[in-house]
>>> print(open('final05.cif').read())   # mmCIF, C-alpha atoms and all ligand atoms
data_start
loop_
_atom_site.group_PDB
_atom_site.id
_atom_site.type_symbol
_atom_site.label_atom_id
_atom_site.label_comp_id
_atom_site.auth_asym_id
_atom_site.auth_seq_id
_atom_site.Cartn_x
_atom_site.Cartn_y
_atom_site.Cartn_z
ATOM 1 C CA MET N 1 132.370 105.742 128.007
ATOM 2 C CA VAL N 2 130.088 108.435 126.637
ATOM 3 C CA SER N 3 128.297 110.257 129.451
ATOM 4 C CA ALA N 4 124.491 110.419 129.638
ATOM 5 C CA ASP N 5 124.649 114.207 129.180
ATOM 6 C CA ALA N 6 126.531 113.818 125.922
ATOM 7 C CA TRP N 7 123.872 111.383 124.644
ATOM 8 C CA VAL N 8 121.100 113.833 125.560
ATOM 9 C CA LEU N 9 122.960 116.641 123.789
ATOM 10 C CA PHE N 10 123.535 114.457 120.746
ATOM 11 C CA SER N 11 119.877 113.387 120.478
ATOM 12 C CA GLN N 12 118.755 117.008 120.909
ATOM 13 C CA LEU N 13 121.074 118.016 118.093
ATOM 14 C CA ILE N 14 119.687 115.293 115.815
ATOM 15 C CA LEU N 15 116.141 116.361 116.692
ATOM 16 C CA LEU N 16 117.009 119.973 115.894
ATOM 17 C CA LEU N 17 118.480 118.981 112.519
ATOM 18 C CA ILE N 18 115.351 116.981 111.662
ATOM 19 C CA ILE N 19 113.135 119.963 112.570
ATOM 20 C CA VAL N 20 115.283 122.343 110.465
ATOM 21 C CA PHE N 21 115.186 119.898 107.539
ATOM 22 C CA ILE N 22 111.389 119.573 107.684
ATOM 23 C CA ALA N 23 111.062 123.374 107.985
ATOM 24 C CA VAL N 24 113.248 123.849 104.875
ATOM 25 C CA VAL N 25 111.155 121.338 102.880
ATOM 26 C CA ILE N 26 107.940 123.108 103.923
ATOM 27 C CA LEU N 27 109.418 126.523 103.112
ATOM 28 C CA ILE N 28 110.447 125.380 99.632
ATOM 29 C CA PHE N 29 107.049 123.802 99.113
ATOM 30 C CA LEU N 30 105.359 127.095 100.064
ATOM 31 C CA SER N 31 107.686 129.019 97.716
ATOM 32 C CA LEU N 32 106.694 126.652 94.918
ATOM 33 C CA LEU N 33 103.014 127.163 95.671
ATOM 34 C CA VAL N 34 103.578 130.936 95.427
ATOM 35 C CA TYR N 35 105.441 130.430 92.152
ATOM 36 C CA TRP N 36 102.692 128.264 90.650
ATOM 37 C CA ARG N 37 100.040 130.754 91.705
ATOM 38 C CA THR N 38 101.767 134.051 90.885
ATOM 39 C CA GLY N 39 104.749 133.178 88.681
ATOM 40 C CA ARG N 40 106.952 135.016 91.198
ATOM 41 C CA VAL N 41 110.000 133.508 92.780
ATOM 42 C CA PHE N 42 112.248 135.007 95.451
ATOM 43 C CA VAL N 43 115.994 134.320 95.389
ATOM 44 C CA PRO N 44 115.708 131.850 92.470
ATOM 45 C CA ARG N 45 119.326 130.652 92.716
ATOM 46 C CA VAL N 46 118.877 129.675 96.375
ATOM 47 C CA LEU N 47 115.534 128.045 95.653
ATOM 48 C CA ILE N 48 116.933 125.941 92.794
ATOM 49 C CA PHE N 49 119.910 124.888 94.911
ATOM 50 C CA ALA N 50 117.717 124.012 97.902
ATOM 51 C CA MET N 51 115.236 122.095 95.734
ATOM 52 C CA GLY N 52 118.093 119.916 94.518
ATOM 53 C CA LEU N 53 119.063 119.139 98.130
ATOM 54 C CA VAL N 54 115.615 118.115 99.324
ATOM 55 C CA GLU N 55 114.093 116.855 96.084
ATOM 56 C CA SER N 56 112.922 113.442 97.327
ATOM 57 C CA PRO N 57 111.052 114.644 100.449
ATOM 58 C CA LEU N 58 109.721 117.559 98.411
ATOM 59 C CA ARG N 59 108.252 115.167 95.862
ATOM 60 C CA MET N 60 106.752 113.099 98.700
ATOM 61 C CA LEU N 61 105.109 116.207 100.106
ATOM 62 C CA MET N 62 103.793 117.117 96.642
ATOM 63 C CA ARG N 63 102.288 113.646 96.255
ATOM 64 C CA LEU N 64 100.575 114.092 99.608
ATOM 65 C CA PHE N 65 98.838 117.124 98.114
ATOM 66 C CA ARG N 66 98.203 115.253 94.828
ATOM 67 C CA ILE N 67 100.497 117.551 92.857
ATOM 68 C CA GLU N 68 101.925 115.879 89.765
ATOM 69 C CA ASP N 69 105.633 115.068 89.870
ATOM 70 C CA LYS N 70 106.346 116.697 86.525
ATOM 71 C CA LYS N 71 105.208 120.079 87.868
ATOM 72 C CA LEU N 72 108.420 120.238 89.870
ATOM 73 C CA ASP N 73 110.509 119.581 86.747
ATOM 74 C CA TYR N 74 108.556 122.230 84.817
ATOM 75 C CA ALA N 75 109.140 124.691 87.660
ATOM 76 C CA ILE N 76 112.892 124.041 87.775
ATOM 77 C CA ILE N 77 113.225 124.357 83.976
ATOM 78 C CA SER N 78 111.130 127.508 83.911
ATOM 79 C CA ILE N 79 112.951 129.185 86.832
ATOM 80 C CA ARG N 80 116.319 128.356 85.261
ATOM 81 C CA ASN N 81 115.124 129.711 81.896
ATOM 82 C CA ASN N 82 114.182 133.017 83.516
ATOM 83 C CA LEU N 83 117.438 133.115 85.450
ATOM 84 C CA TYR N 84 119.678 132.531 82.434
ATOM 85 C CA ARG N 85 117.633 134.373 79.786
ATOM 86 C CA PRO N 86 119.528 137.715 80.036
ATOM 87 C CA THR N 87 122.956 136.022 79.808
ATOM 88 C CA PHE N 88 121.791 133.776 76.974
ATOM 89 C CA ALA N 89 120.527 136.825 75.083
ATOM 90 C CA LYS N 90 123.979 138.441 75.240
ATOM 91 C CA VAL N 91 125.741 135.512 73.545
ATOM 92 C CA PRO N 92 126.258 136.117 69.794
ATOM 93 C CA TYR N 93 124.181 133.854 67.546
ATOM 94 C CA ALA N 94 127.305 132.211 66.154
ATOM 95 C CA ARG N 95 128.244 130.983 69.649
ATOM 96 C CA ARG N 96 124.833 129.419 70.370
ATOM 97 C CA ALA N 97 124.237 125.706 69.900
ATOM 98 C CA ILE N 98 120.684 124.515 69.248
ATOM 99 C CA PHE N 99 119.898 120.878 70.047
ATOM 100 C CA ILE N 100 116.700 119.417 68.612
ATOM 101 C CA PRO N 101 115.537 115.908 69.555
ATOM 102 C CA GLN N 102 115.220 113.414 66.722
ATOM 103 C CA CYS N 103 111.667 112.498 67.821
ATOM 104 C CA LEU N 104 110.495 115.725 66.131
ATOM 105 C CA ARG N 105 111.375 114.258 62.736
ATOM 106 C CA SER N 106 108.840 112.644 60.481
ATOM 107 C CA PRO N 107 108.717 108.851 60.987
ATOM 108 C CA GLU N 108 109.606 108.632 57.254
ATOM 109 C CA CYS N 109 112.683 110.841 57.637
ATOM 110 C CA PRO N 110 115.335 109.928 55.050
ATOM 111 C CA ALA N 111 118.168 111.729 56.909
ATOM 112 C CA LYS N 112 121.291 109.767 57.748
ATOM 113 C CA LEU N 113 122.977 109.562 61.123
ATOM 114 C CA SER N 114 126.494 111.003 61.191
ATOM 115 C CA PRO N 115 129.033 111.804 63.933
ATOM 116 C CA GLU N 116 127.553 115.354 63.838
ATOM 117 C CA GLY N 117 124.033 114.103 64.525
ATOM 118 C CA ILE N 118 121.199 113.453 62.118
ATOM 119 C CA GLN N 119 121.836 115.269 58.828
ATOM 120 C CA CYS N 120 118.522 116.800 57.754
ATOM 121 C CA VAL N 121 118.179 117.090 53.956
ATOM 122 C CA ASN N 122 115.106 119.347 54.146
ATOM 123 C CA CYS N 123 112.881 116.813 52.416
ATOM 124 C CA GLY N 124 109.745 118.677 53.478
ATOM 125 C CA ARG N 125 108.269 115.811 55.506
ATOM 126 C CA CYS N 126 108.630 117.756 58.771
ATOM 127 C CA GLY N 127 109.426 121.281 59.876
ATOM 128 C CA LEU N 128 113.016 120.640 60.956
ATOM 129 C CA GLY N 129 114.426 121.499 57.535
ATOM 130 C CA GLU N 130 112.938 124.999 57.736
ATOM 131 C CA LEU N 131 114.035 125.354 61.335
ATOM 132 C CA LYS N 132 117.566 124.397 60.357
ATOM 133 C CA LYS N 133 117.511 127.040 57.605
ATOM 134 C CA PHE N 134 116.339 129.628 60.139
ATOM 135 C CA CYS N 135 119.145 128.737 62.581
ATOM 136 C CA ASN N 136 121.727 128.754 59.790
ATOM 137 C CA SER N 137 120.521 132.170 58.610
ATOM 138 C CA LEU N 138 121.236 133.508 62.111
ATOM 139 C CA GLY N 139 124.551 131.696 62.225
ATOM 140 C CA CYS N 140 123.654 129.387 65.155
ATOM 141 C CA MET N 141 125.000 125.857 65.380
ATOM 142 C CA PHE N 142 122.158 123.425 64.735
ATOM 143 C CA PHE N 143 122.098 119.761 65.705
ATOM 144 C CA ILE N 144 119.482 117.048 65.580
ATOM 145 C CA THR N 145 120.472 114.861 68.482
ATOM 146 C CA ALA N 146 120.502 111.131 68.659
ATOM 147 C CA SER N 147 121.412 110.800 72.351
ATOM 148 C CA SER N 148 122.283 112.861 75.418
ATOM 149 C CA THR N 149 125.968 111.884 75.216
ATOM 150 C CA PHE N 150 125.928 113.435 71.732
ATOM 151 C CA ILE N 151 125.244 116.861 73.306
ATOM 152 C CA GLN N 152 128.228 116.514 75.626
ATOM 153 C CA ARG N 153 130.417 115.518 72.681
ATOM 154 C CA MET N 154 129.339 118.503 70.569
ATOM 155 C CA VAL N 155 129.798 120.897 73.515
ATOM 156 C CA LEU N 156 133.338 119.640 73.985
ATOM 157 C CA LYS N 157 134.049 119.843 70.261
ATOM 158 C CA TYR N 158 132.512 123.235 69.343
ATOM 159 C CA LYS N 159 132.667 124.958 72.744
ATOM 160 C CA PRO N 160 129.479 127.019 72.372
ATOM 161 C CA GLU N 161 128.864 129.800 74.889
ATOM 162 C CA ALA N 162 125.128 129.160 75.178
ATOM 163 C CA ILE N 163 122.865 126.198 74.613
ATOM 164 C CA LEU N 164 119.240 125.759 73.720
ATOM 165 C CA GLY N 165 117.667 122.350 74.083
ATOM 166 C CA VAL N 166 114.237 120.984 73.245
ATOM 167 C CA GLY N 167 112.828 117.965 75.020
ATOM 168 C CA CYS N 168 110.295 116.429 77.362
ATOM 169 C CA SER N 169 110.389 117.467 81.017
ATOM 170 C CA LEU N 170 112.587 114.522 81.949
ATOM 171 C CA GLU N 171 115.222 115.179 79.262
ATOM 172 C CA LEU N 172 115.226 118.912 79.840
ATOM 173 C CA ARG N 173 115.549 118.486 83.576
ATOM 174 C CA GLU N 174 118.496 116.135 83.104
ATOM 175 C CA GLY N 175 120.107 118.426 80.527
ATOM 176 C CA SER N 176 119.499 121.549 82.559
ATOM 177 C CA ASP N 177 121.144 119.950 85.652
ATOM 178 C CA MET N 178 124.126 118.992 83.521
ATOM 179 C CA ILE N 179 124.498 122.440 81.919
ATOM 180 C CA ALA N 180 123.970 124.223 85.262
ATOM 181 C CA LYS N 181 126.984 122.332 86.631
ATOM 182 C CA ILE N 182 129.226 123.830 83.956
ATOM 183 C CA GLY N 183 127.633 127.254 84.431
ATOM 184 C CA MET N 184 126.725 127.837 80.784
ATOM 185 C CA PRO N 185 123.641 129.942 80.030
ATOM 186 C CA ALA N 186 120.955 127.655 78.670
ATOM 187 C CA GLN N 187 117.340 127.764 77.610
ATOM 188 C CA GLY N 188 115.023 124.758 77.568
ATOM 189 C CA VAL N 189 111.914 124.531 75.420
ATOM 190 C CA LEU N 190 109.397 121.877 76.388
ATOM 191 C CA LEU N 191 107.815 119.627 73.816
ATOM 192 C CA LYS N 192 104.095 120.224 73.515
ATOM 193 C CA ARG N 193 103.555 116.565 72.877
ATOM 194 C CA SER N 194 106.204 114.202 74.150
ATOM 195 C CA GLY N 195 106.803 110.525 73.413
ATOM 196 C CA CYS N 196 109.426 108.801 71.368
ATOM 197 C CA VAL N 197 108.065 109.551 67.873
ATOM 198 C CA ASN N 198 106.111 112.251 66.114
ATOM 199 C CA THR N 199 106.445 114.766 68.936
ATOM 200 C CA ARG N 200 105.504 118.450 68.672
ATOM 201 C CA VAL N 201 106.974 121.753 69.816
ATOM 202 C CA ASP N 202 105.636 125.277 69.996
ATOM 203 C CA LEU N 203 107.586 126.469 66.989
ATOM 204 C CA GLU N 204 106.974 130.189 67.434
ATOM 205 C CA ARG N 205 108.209 130.107 71.007
ATOM 206 C CA LEU N 206 111.193 128.005 69.969
ATOM 207 C CA MET N 207 112.211 130.446 67.213
ATOM 208 C CA HIS N 208 111.728 133.444 69.498
ATOM 209 C CA THR N 209 113.968 131.816 72.104
ATOM 210 C CA ILE N 210 116.628 130.921 69.521
ATOM 211 C CA ALA N 211 116.609 134.517 68.295
ATOM 212 C CA LEU N 212 116.642 136.135 71.765
ATOM 213 C CA SER N 213 118.908 139.135 71.635
ATOM 214 C CA GLU N 214 120.398 141.464 74.204
ATOM 215 C CA VAL N 215 117.502 143.849 73.887
ATOM 216 C CA GLU N 216 115.047 141.097 74.468
ATOM 217 C CA THR N 217 112.454 142.165 71.922
ATOM 218 C CA GLY N 218 115.010 143.678 69.617
ATOM 219 C CA LEU N 219 114.349 141.104 66.897
ATOM 220 C CA THR N 220 114.981 142.748 63.591
ATOM 221 C CA ASP N 221 112.143 143.001 61.088
ATOM 222 C CA SER N 222 113.825 140.415 58.887
ATOM 223 C CA ILE N 223 113.982 137.913 61.757
ATOM 224 C CA ARG N 224 110.363 138.613 62.641
ATOM 225 C CA SER N 225 109.226 138.032 59.074
ATOM 226 C CA ALA N 226 111.415 134.905 58.795
ATOM 227 C CA ILE N 227 109.696 133.532 61.902
ATOM 228 C CA ALA N 228 106.263 134.322 60.467
ATOM 229 C CA ASP N 229 107.127 132.751 57.078
ATOM 230 C CA ILE N 230 108.547 129.578 58.568
ATOM 231 C CA LYS N 231 105.584 129.270 60.895
ATOM 232 C CA ASP N 232 103.215 129.455 57.919
ATOM 233 C CA ASN N 233 105.346 127.139 55.780
ATOM 234 C CA ILE N 234 105.298 124.348 58.267
ATOM 235 C CA ALA N 235 101.850 124.883 59.768
ATOM 236 C CA ASN N 236 100.612 121.838 57.870
ATOM 237 C CA MET N 237 103.590 119.674 58.692
ATOM 238 C CA TRP N 238 103.342 120.096 62.448
ATOM 239 C CA LYS N 239 99.745 120.404 63.521
ATOM 240 C CA PRO N 240 99.257 122.388 66.749
ATOM 241 C CA ASP N 241 98.563 120.324 69.805
ATOM 242 C CA GLU N 242 97.622 120.953 73.407
ATOM 243 C CA CYS N 243 100.340 122.665 75.452
ATOM 244 C CA PRO N 244 101.172 121.738 79.017
ATOM 245 C CA LYS N 245 100.098 124.672 81.179
ATOM 246 C CA GLU N 246 103.669 125.594 82.110
ATOM 247 C CA THR N 247 104.621 126.058 78.444
ATOM 248 C CA ALA N 248 101.517 128.114 77.796
ATOM 249 C CA ASP N 249 102.320 130.308 80.803
ATOM 250 C CA VAL N 250 105.836 130.975 79.606
ATOM 251 C CA LYS N 251 104.502 131.969 76.183
ATOM 252 C CA THR N 252 101.960 134.335 77.733
ATOM 253 C CA ASP N 253 104.790 135.766 79.780
ATOM 254 C CA PHE N 254 106.833 136.384 76.639
ATOM 255 C CA THR N 255 103.917 138.115 74.871
ATOM 256 C CA LYS N 256 103.331 140.267 77.953
ATOM 257 C CA ARG N 257 106.990 141.296 78.011
ATOM 258 C CA ILE N 258 106.938 142.209 74.312
ATOM 259 C CA LYS N 259 103.874 144.406 74.971
ATOM 260 C CA LEU N 260 105.564 146.098 77.935
ATOM 261 C CA VAL N 261 108.752 146.904 76.016
ATOM 262 C CA LYS N 262 106.702 148.221 73.067
ATOM 263 C CA GLN N 263 104.789 150.507 75.424
ATOM 264 C CA LYS N 264 108.066 151.661 76.974
ATOM 265 C CA ARG N 265 109.568 152.348 73.564
ATOM 266 C CA SER N 266 106.613 154.358 72.316
ATOM 267 C CA SER N 267 106.591 156.434 75.513
ATOM 268 C CA ASN N 268 110.275 157.221 74.921
ATOM 269 C CA LEU N 269 109.601 158.493 71.393
HETATM 270 S S1 LIG U 1 112.855 117.732 56.907
HETATM 271 FE FE1 LIG U 1 112.429 116.383 58.636
HETATM 272 S S2 LIG U 1 111.949 114.406 57.700
HETATM 273 FE FE2 LIG U 1 113.003 115.627 56.130
HETATM 274 S S3 LIG U 1 115.168 115.138 56.316
HETATM 275 FE FE3 LIG U 1 114.833 116.903 57.609
HETATM 276 S S4 LIG U 1 114.417 116.032 59.635
HETATM 277 FE FE4 LIG U 1 114.141 114.378 58.153
#
>>> encode(input="final05.cif", output="structure tokens", more="lines below")
Ligand code: SF4
Amino acid sequence: MVSADAWVLFSQLILLLIIVFIAVVILIFLSLLVYWRTGRVFVPRVLIFAMGLVESPLRMLMRLFRIEDKKLDYAIISIRNNLYRPTFAKVPYARRAIFIPQCLRSPECPAKLSPEGIQCVNCGRCGLGELKKFCNSLGCMFFITASSTFIQRMVLKYKPEAILGVGCSLELREGSDMIAKIGMPAQGVLLKRSGCVNTRVDLERLMHTIALSEVETGLTDSIRSAIADIKDNIANMWKPDECPKETADVKTDFTKRIKLVKQKRSSNL
């Protein structure tokens, strides 16, 4: 027979655990509020790990405050991007694999599906042909994906050391969880307009992320001019569209960092 004292102790322990759990959820929620307001995050690795543990109650709490669900996915993708950016930048271009979703293609795309993904023939109906040329000129592996299992297959086959994926918040979140498990540095670029067809991406940001180098703004002049040319070439193929705020913030962040490094460089001259 279990004594009455043991039951009291047990129920107190359960109560304590519930209080600690609620406190952790509130603490993470507050950290997220700080992140959304200031863009600052303390101990990002711990925060990401803890968010994964209490995701469901965290989402419930967010709904209570009428915060959209996708904001949490944006936050996780963005925090992971910042966390892995320096390691990603150190990986040589030839060891980077770029995965582009097929929904970015023109609906009239003539490309055929192959075991290596969709084989773009640069027909000029969308910007992916130019993007492929840009990636090839750097030496990156470039794939137009047909499914998420395709990414796993290509990772196993080509063993890249870094991955860049483009997708909607749901796909990126899923992909980023998967890549985080294998500990590979990854960058996710959100689609500006999601959906299953005729989607859009912020091309300039995508090319800058693909070309990230160890010295973050150390893009060579030729890469810079290639980015500018491609952007102009395909301006009419992919019309700009409204960005989700999170994407816009990340871009502003990038521009700010470029400015800072430029200032630093000129003061060193
Ligand atoms: S440029 Fe676009 S539409 Fe043309 S083949 Fe390549 S992916 Fe398809």
>>> resolve_selection(input="final05.cif", expression="the PyMOL selection byres (((not hetatm)) within 8 of (chain U and resi 1))", output="list in words")
Gln102, Leu104, Arg105, Ser106, Pro107, Glu108, Cys109, Pro110, Ala111, Ile118, Gln119, Cys120, Val121, Asn122, Cys123, Gly124, Arg125, Cys126, Gly127, Leu128, Gly129, Glu130 and Ile144 of chain N
>>> residues_around(input="final05.cif", residues="Ala50 (chain N)", least_positions_apart="4", cutoff="9 Å", atoms="only C-alpha atoms", output="list in words")
Val24, Val25, Ile28, Arg45, Val46, Val54 and Glu55 of chain N
>>> closest_atom_pairs(input="final05.cif", of="region 51-168 of chain N", to="region 179-187 of chain N", cutoff="12 Å", atoms="all atoms listed in the file", output="tab-separated table")
residue	atom	partner	partner_atom	distance
N:Gly52	CA	N:Ala180	CA	11.8
N:Ile76	CA	N:Ala180	CA	11.4
N:Ile77	CA	N:Gln187	CA	8.3
N:Ser78	CA	N:Gln187	CA	8.9
N:Ile79	CA	N:Gln187	CA	10.3
N:Arg80	CA	N:Gln187	CA	7.7
N:Asn81	CA	N:Gln187	CA	5.2
N:Asn82	CA	N:Gln187	CA	8.5
N:Leu83	CA	N:Pro185	CA	8.8
N:Tyr84	CA	N:Pro185	CA	5.3
N:Arg85	CA	N:Gln187	CA	7.0
N:Pro86	CA	N:Pro185	CA	8.8
N:Thr87	CA	N:Pro185	CA	6.1
N:Phe88	CA	N:Pro185	CA	5.2
N:Ala89	CA	N:Pro185	CA	9.0
N:Lys90	CA	N:Pro185	CA	9.8
N:Val91	CA	N:Pro185	CA	8.8
N:Arg95	CA	N:Pro185	CA	11.4
N:Arg96	CA	N:Ala186	CA	9.3
N:Ala97	CA	N:Ala186	CA	9.6
N:Ile98	CA	N:Gln187	CA	9.6
N:Phe99	CA	N:Gln187	CA	10.5
N:Ser148	CA	N:Ile179	CA	11.8
N:Ile151	CA	N:Ile179	CA	10.3
N:Gln152	CA	N:Ile179	CA	9.4
N:Val155	CA	N:Ile179	CA	10.1
N:Leu156	CA	N:Ile182	CA	11.6
N:Lys159	CA	N:Met184	CA	10.4
N:Pro160	CA	N:Met184	CA	8.9
N:Glu161	CA	N:Met184	CA	6.6
N:Ala162	CA	N:Pro185	CA	5.1
N:Ile163	CA	N:Ala186	CA	4.7
N:Leu164	CA	N:Gln187	CA	4.8
N:Gly165	CA	N:Gln187	CA	6.5
N:Val166	CA	N:Gln187	CA	8.6
N:Gly167	CA	N:Gln187	CA	11.1
>>> write_last_selection(input="final05.cif", atoms="C-alpha atoms", output="compact mmCIF listing (two decimals), in the coordinates of the input")
# COMPACT_ATOMS: atom_id res chain seq x y z
CA GLY N 52 118.09 119.92 94.52
CA ILE N 76 112.89 124.04 87.78
CA ILE N 77 113.22 124.36 83.98
CA SER N 78 111.13 127.51 83.91
CA ILE N 79 112.95 129.18 86.83
CA ARG N 80 116.32 128.36 85.26
CA ASN N 81 115.12 129.71 81.90
CA ASN N 82 114.18 133.02 83.52
CA LEU N 83 117.44 133.12 85.45
CA TYR N 84 119.68 132.53 82.43
CA ARG N 85 117.63 134.37 79.79
CA PRO N 86 119.53 137.72 80.04
CA THR N 87 122.96 136.02 79.81
CA PHE N 88 121.79 133.78 76.97
CA ALA N 89 120.53 136.82 75.08
CA LYS N 90 123.98 138.44 75.24
CA VAL N 91 125.74 135.51 73.54
CA ARG N 95 128.24 130.98 69.65
CA ARG N 96 124.83 129.42 70.37
CA ALA N 97 124.24 125.71 69.90
CA ILE N 98 120.68 124.52 69.25
CA PHE N 99 119.90 120.88 70.05
CA SER N 148 122.28 112.86 75.42
CA ILE N 151 125.24 116.86 73.31
CA GLN N 152 128.23 116.51 75.63
CA VAL N 155 129.80 120.90 73.52
CA LEU N 156 133.34 119.64 73.98
CA LYS N 159 132.67 124.96 72.74
CA PRO N 160 129.48 127.02 72.37
CA GLU N 161 128.86 129.80 74.89
CA ALA N 162 125.13 129.16 75.18
CA ILE N 163 122.86 126.20 74.61
CA LEU N 164 119.24 125.76 73.72
CA GLY N 165 117.67 122.35 74.08
CA VAL N 166 114.24 120.98 73.24
CA GLY N 167 112.83 117.96 75.02
>>> atom_distance(input="final05.cif", atom1="CA of Cys135 (chain N)", atom2="CA of Gly175 (chain N)")
20.7 Å
>>> closest_residue(input="final05.cif", among="N:Arg63, N:Lys132, N:Lys192, N:Arg205", to="Ile100 (chain N)", atoms="all atoms listed in the file")
N:Lys132
>>> atom_distance(input="final05.cif", atom1="CA of His208 (chain N)", atom2="CA of Ser176 (chain N)")
19.3 Å
>>> atom_distance(input="final05.cif", atom1="CA of Ala228 (chain N)", atom2="CA of Leu203 (chain N)")
10.3 Å
>>> closest_residue(input="final05.cif", among="N:Gly139, N:Pro92, N:Pro115, N:Pro101", to="Ser213 (chain N)", atoms="only C-alpha atoms")
N:Pro92
>>> residues_around(input="final05.cif", residues="Leu27 (chain N)", least_positions_apart="2", cutoff="12 Å", atoms="all atoms listed in the file", output="list in words")
Val20, Phe21, Ile22, Ala23, Val24, Val25, Phe29, Leu30, Ser31, Leu32, Leu33, Val34, Phe42, Leu47, Ala50, Met51, Val54, Leu58 and Leu61 of chain N
